[in-house]
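Below: protein_30.cif (mmCIF, C-alpha atoms)
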```cif
data_upload
#
loop_
_atom_site.label_atom_id
_atom_site.label_comp_id
_atom_site.auth_asym_id
_atom_site.auth_seq_id
_atom_site.Cartn_x
_atom_site.Cartn_y
_atom_site.Cartn_z
CA ASP M 72 103.89 52.54 59.26
CA GLU M 73 101.76 50.95 61.98
CA GLU M 74 101.66 47.58 60.18
CA GLU M 75 105.44 47.58 59.81
CA ALA M 76 105.86 48.47 63.50
CA GLN M 77 103.52 45.65 64.58
CA ALA M 78 105.27 43.15 62.29
CA GLY M 79 108.67 44.23 63.65
CA ALA M 80 107.46 43.94 67.26
CA ALA M 81 106.09 40.45 66.57
CA ALA M 82 109.40 39.41 64.99
CA ASP M 83 111.34 40.78 67.98
CA ALA M 84 109.06 38.89 70.41
CA THR M 85 109.51 35.67 68.42
CA ALA M 86 113.27 36.10 68.39
CA ALA M 87 113.38 36.81 72.15
CA THR M 88 111.59 33.57 73.12
CA PRO M 89 113.24 30.22 72.42
CA ALA M 90 111.42 27.87 70.09
CA ALA M 91 109.53 24.97 71.63
CA SER M 92 112.00 22.52 70.07
CA ASP M 93 114.91 24.32 71.80
CA ALA M 94 113.30 24.00 75.27
CA PRO M 95 114.47 21.10 77.41
CA VAL M 96 112.00 18.27 77.84
CA VAL M 97 111.00 17.95 81.47
CA ARG M 98 109.37 14.69 82.48
CA GLY M 99 106.37 14.60 84.78
CA TRP M 100 105.04 12.23 87.42
CA ILE M 101 101.61 11.80 88.94
CA LEU M 102 101.63 10.58 92.52
CA ARG M 103 98.66 8.41 93.45
CA LYS M 104 97.18 6.93 96.60
CA LEU M 105 95.09 3.84 97.15
CA ILE M 106 91.53 4.65 98.27
CA HIS M 107 89.11 2.08 99.64
CA VAL M 108 85.55 3.15 100.39
CA PRO M 109 83.43 0.09 101.15
CA PRO M 110 81.48 -1.48 99.53
CA SER M 111 83.42 -0.56 96.36
CA GLU M 112 86.75 -2.06 95.41
CA PRO M 113 90.02 -0.24 96.27
CA ARG M 114 91.16 2.12 93.52
CA TRP M 115 94.05 4.43 92.78
CA ALA M 116 93.35 8.18 92.94
CA ASP M 117 95.65 10.89 91.63
CA GLU M 118 96.91 12.95 94.54
CA ASP M 119 99.58 15.28 93.14
CA PHE M 120 101.89 15.88 90.19
CA ALA M 121 105.55 16.85 90.08
CA PRO M 122 108.34 17.63 87.61
CA LEU M 123 110.81 15.80 89.85
CA PRO M 124 111.02 12.01 90.10
CA PRO M 125 109.56 10.58 93.32
CA GLU M 126 111.73 8.89 95.89
CA PRO M 127 112.31 5.21 95.04
CA GLY M 128 111.09 2.41 97.26
CA GLY M 129 107.37 3.04 97.26
CA ASP M 130 104.65 1.09 95.52
CA PRO M 131 105.38 1.21 91.77
CA GLU M 132 101.66 1.62 91.04
CA ALA M 133 101.60 4.76 93.19
CA VAL M 134 103.55 6.67 90.51
CA ARG M 135 102.71 7.29 86.86
CA ALA M 136 105.48 8.66 84.65
CA PHE M 137 104.88 10.88 81.61
CA PRO M 138 107.24 11.89 78.80
CA THR M 139 106.60 15.60 79.42
CA PHE M 140 105.48 17.68 82.38
CA HIS M 141 102.81 19.33 80.21
CA HIS M 142 101.29 15.95 79.40
CA CYS M 143 101.42 15.05 83.11
CA VAL M 144 99.55 18.22 84.15
CA ASP M 145 96.97 17.78 81.38
CA GLU M 146 96.34 14.18 82.45
CA PHE M 147 96.12 15.12 86.14
CA TYR M 148 93.51 17.85 85.64
CA THR M 149 91.57 15.83 83.05
CA ARG M 150 91.25 12.96 85.52
CA LEU M 151 90.41 15.41 88.30
CA GLU M 152 87.49 16.80 86.29
CA GLU M 153 86.35 13.30 85.31
CA THR M 154 86.46 12.24 88.96
CA LYS M 155 84.39 15.27 89.97
CA VAL M 156 81.75 14.41 87.37
CA VAL M 157 81.64 10.77 88.47
CA GLU M 158 81.39 11.80 92.14
CA GLN M 159 78.59 14.27 91.35
CA LYS M 160 76.68 11.56 89.49
CA ALA M 161 77.22 9.11 92.35
CA GLN M 162 76.07 11.71 94.89
CA HIS M 163 72.99 12.45 92.78
CA ALA M 164 72.20 8.74 92.50
CA GLN M 165 72.64 8.34 96.26
CA ASN M 166 70.30 11.29 96.89
CA VAL M 167 67.69 9.83 94.55
CA TYR M 168 68.01 6.41 96.19
CA ALA M 169 67.63 7.96 99.67
CA LYS M 170 64.56 9.88 98.50
CA VAL M 171 63.02 6.71 97.05
CA GLU M 172 63.71 4.88 100.32
CA ARG M 173 62.07 7.70 102.33
CA ILE M 174 59.03 7.58 100.04
CA ARG M 175 58.90 3.78 100.31
CA ALA M 176 59.06 3.94 104.14
CA ASP M 177 56.41 6.67 104.23
CA GLN M 178 54.09 4.69 101.95
CA SER M 179 54.65 1.54 104.01
CA ARG M 180 53.75 3.44 107.17
CA ARG M 181 50.67 4.89 105.48
CA VAL M 182 49.56 1.42 104.27
CA GLU M 183 49.86 0.07 107.81
CA GLN M 184 47.85 3.02 109.10
CA LEU M 185 45.12 2.44 106.48
CA GLU M 186 45.02 -1.28 107.28
CA GLU M 187 44.51 -0.43 110.96
CA GLU M 188 41.70 1.99 110.04
CA GLN M 189 40.17 -0.71 107.83
CA ALA M 190 40.28 -3.24 110.68
CA VAL M 191 38.54 -0.76 113.00
CA ALA M 192 35.87 0.00 110.38
CA GLU M 193 35.28 -3.71 109.74
CA ARG M 194 34.96 -4.33 113.51
CA GLN M 195 32.43 -1.50 113.79
CA ALA M 196 30.48 -2.84 110.79
CA THR M 197 30.44 -6.32 112.30
CA LEU M 198 29.15 -4.96 115.62
CA ILE M 199 26.42 -3.00 113.83
CA GLU M 200 25.37 -6.08 111.83
CA VAL M 201 25.30 -8.27 114.94
CA ASN M 202 23.28 -5.71 116.88
CA VAL M 203 21.05 -4.43 114.04
CA ASP M 204 17.93 -4.57 116.27
CA LEU M 205 19.54 -2.37 118.93
CA VAL M 206 20.82 0.06 116.28
CA ASP M 207 17.33 0.32 114.72
CA ARG M 208 15.73 1.04 118.14
CA ALA M 209 18.41 3.64 118.96
CA LEU M 210 17.85 5.36 115.60
CA ALA M 211 14.08 5.28 116.12
CA MET M 212 14.55 7.07 119.49
CA LEU M 213 17.05 9.64 118.14
CA ASN M 214 15.27 10.61 114.90
CA PRO M 215 12.27 12.32 116.61
CA MET M 216 14.62 14.22 118.93
CA VAL M 217 16.67 15.55 116.02
CA ALA M 218 13.66 16.53 113.95
#
```
Let's see the structure in the file written out as structure tokens.
Amino acid sequence: DEEEAQAGAAADATAATPAASDAPVVRGWILRKLIHVPPSEPRWADEDFAPLPPEPGGDPEAVRAFPTFHHCVDEFYTRLEETKVVEQKAQHAQNVYAKVERIRADQSRRVEQLEEEQAVAERQATLIEVNVDLVDRALAMLNPMVA
């Protein structure tokens, strides 16, 4: 009895809804805008979608027509997701590049600092070598005091 009731309910539901082939075909349009973020080239970005045709007179490349509204919506959201992925990758690459640049600047600063320390140490070594007699006499006077 239950199986017959479920089968009857499914048949009633199918009969109550029109078949997909009976539904009118509604066209769809994606409205786009031109984006230019230097240094990259200008590109078209999907801005919105609509089941109604856009007003004539605008840039013909600013509108993309589709045979069905469903196809239009699918294309819009597919491109939206693809754009998000591309933007995330670009942001990640930019973060990595900025980190590398910070490391490079820090290492450059550290190299300069070490070169300055090296120059000071070389100057001190040169002074000690030039005045080795004075250094020996000073050490000879200090060693008994320390001991």
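Nearest residue to His141 in chain M, choosing from M:Ala190, M:Val201, M:Val97, M:Ala211 and counting all atoms listed in the file: M:Val97.
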Query - Nearest to Thr139 in chain M, chosen from M:Leu205, M:Val96, M:Ala196, M:Val167, with only C-alpha atoms counted in the distances - result: M:Val96
Report task. Name the residues captured by the PyMOL selection byres ((chain M and resi 103-105) around 8) when it is applied to the shown file; answer as JSON, numbers by chain. Result -> {"M": [101, 102, 106, 107, 113, 114, 115, 116, 117, 118, 119, 132, 133, 134, 135]}
Next, the residues of the selection above should be written as a short mmCIF file (atom, residue, chain, number, x, y, z; two decimals), in the coordinates of the input with C-alpha atoms.
```cif
data_model
loop_
_atom_site.label_atom_id
_atom_site.label_comp_id
_atom_site.auth_asym_id
_atom_site.auth_seq_id
_atom_site.Cartn_x
_atom_site.Cartn_y
_atom_site.Cartn_z
CA ILE M 101 101.61 11.80 88.94
CA LEU M 102 101.63 10.58 92.52
CA ILE M 106 91.53 4.65 98.27
CA HIS M 107 89.11 2.08 99.64
CA PRO M 113 90.02 -0.24 96.27
CA ARG M 114 91.16 2.12 93.52
CA TRP M 115 94.05 4.43 92.78
CA ALA M 116 93.35 8.18 92.94
CA ASP M 117 95.65 10.89 91.63
CA GLU M 118 96.91 12.95 94.54
CA ASP M 119 99.58 15.28 93.14
CA GLU M 132 101.66 1.62 91.04
CA ALA M 133 101.60 4.76 93.19
CA VAL M 134 103.55 6.67 90.51
CA ARG M 135 102.71 7.29 86.86
#
```
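Nearest to Ala121 in chain M of all the residues M:Val108, M:Val144, M:Val191, M:Ala209 is M:Val144, counting only C-alpha atoms.
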Query - Pick from M:Glu112, M:Pro131, M:Phe140, M:Glu126 nearest to Pro95 in chain M, counting all atoms listed in the file - result: M:Phe140
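Between CA of Leu151 in chain M and CA of Ala169 in chain M there is a distance of 26.5 Å.
Across the model, the gap from CA of Glu187 in chain M to CA of Leu210 in chain M is 27.7 Å.
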Query raised in the report: What would the list of residues within 6 Å of (104.0, 14.2, 87.4) (file frame) look like as a PyMOL selection string, if all atoms listed in the file are what count?
Result: chain M and resi 99-101+120-122+143
Report summary line: Pairwise distance, CA of Ala192 in chain M with CA of Arg180 in chain M, equals 18.5 Å
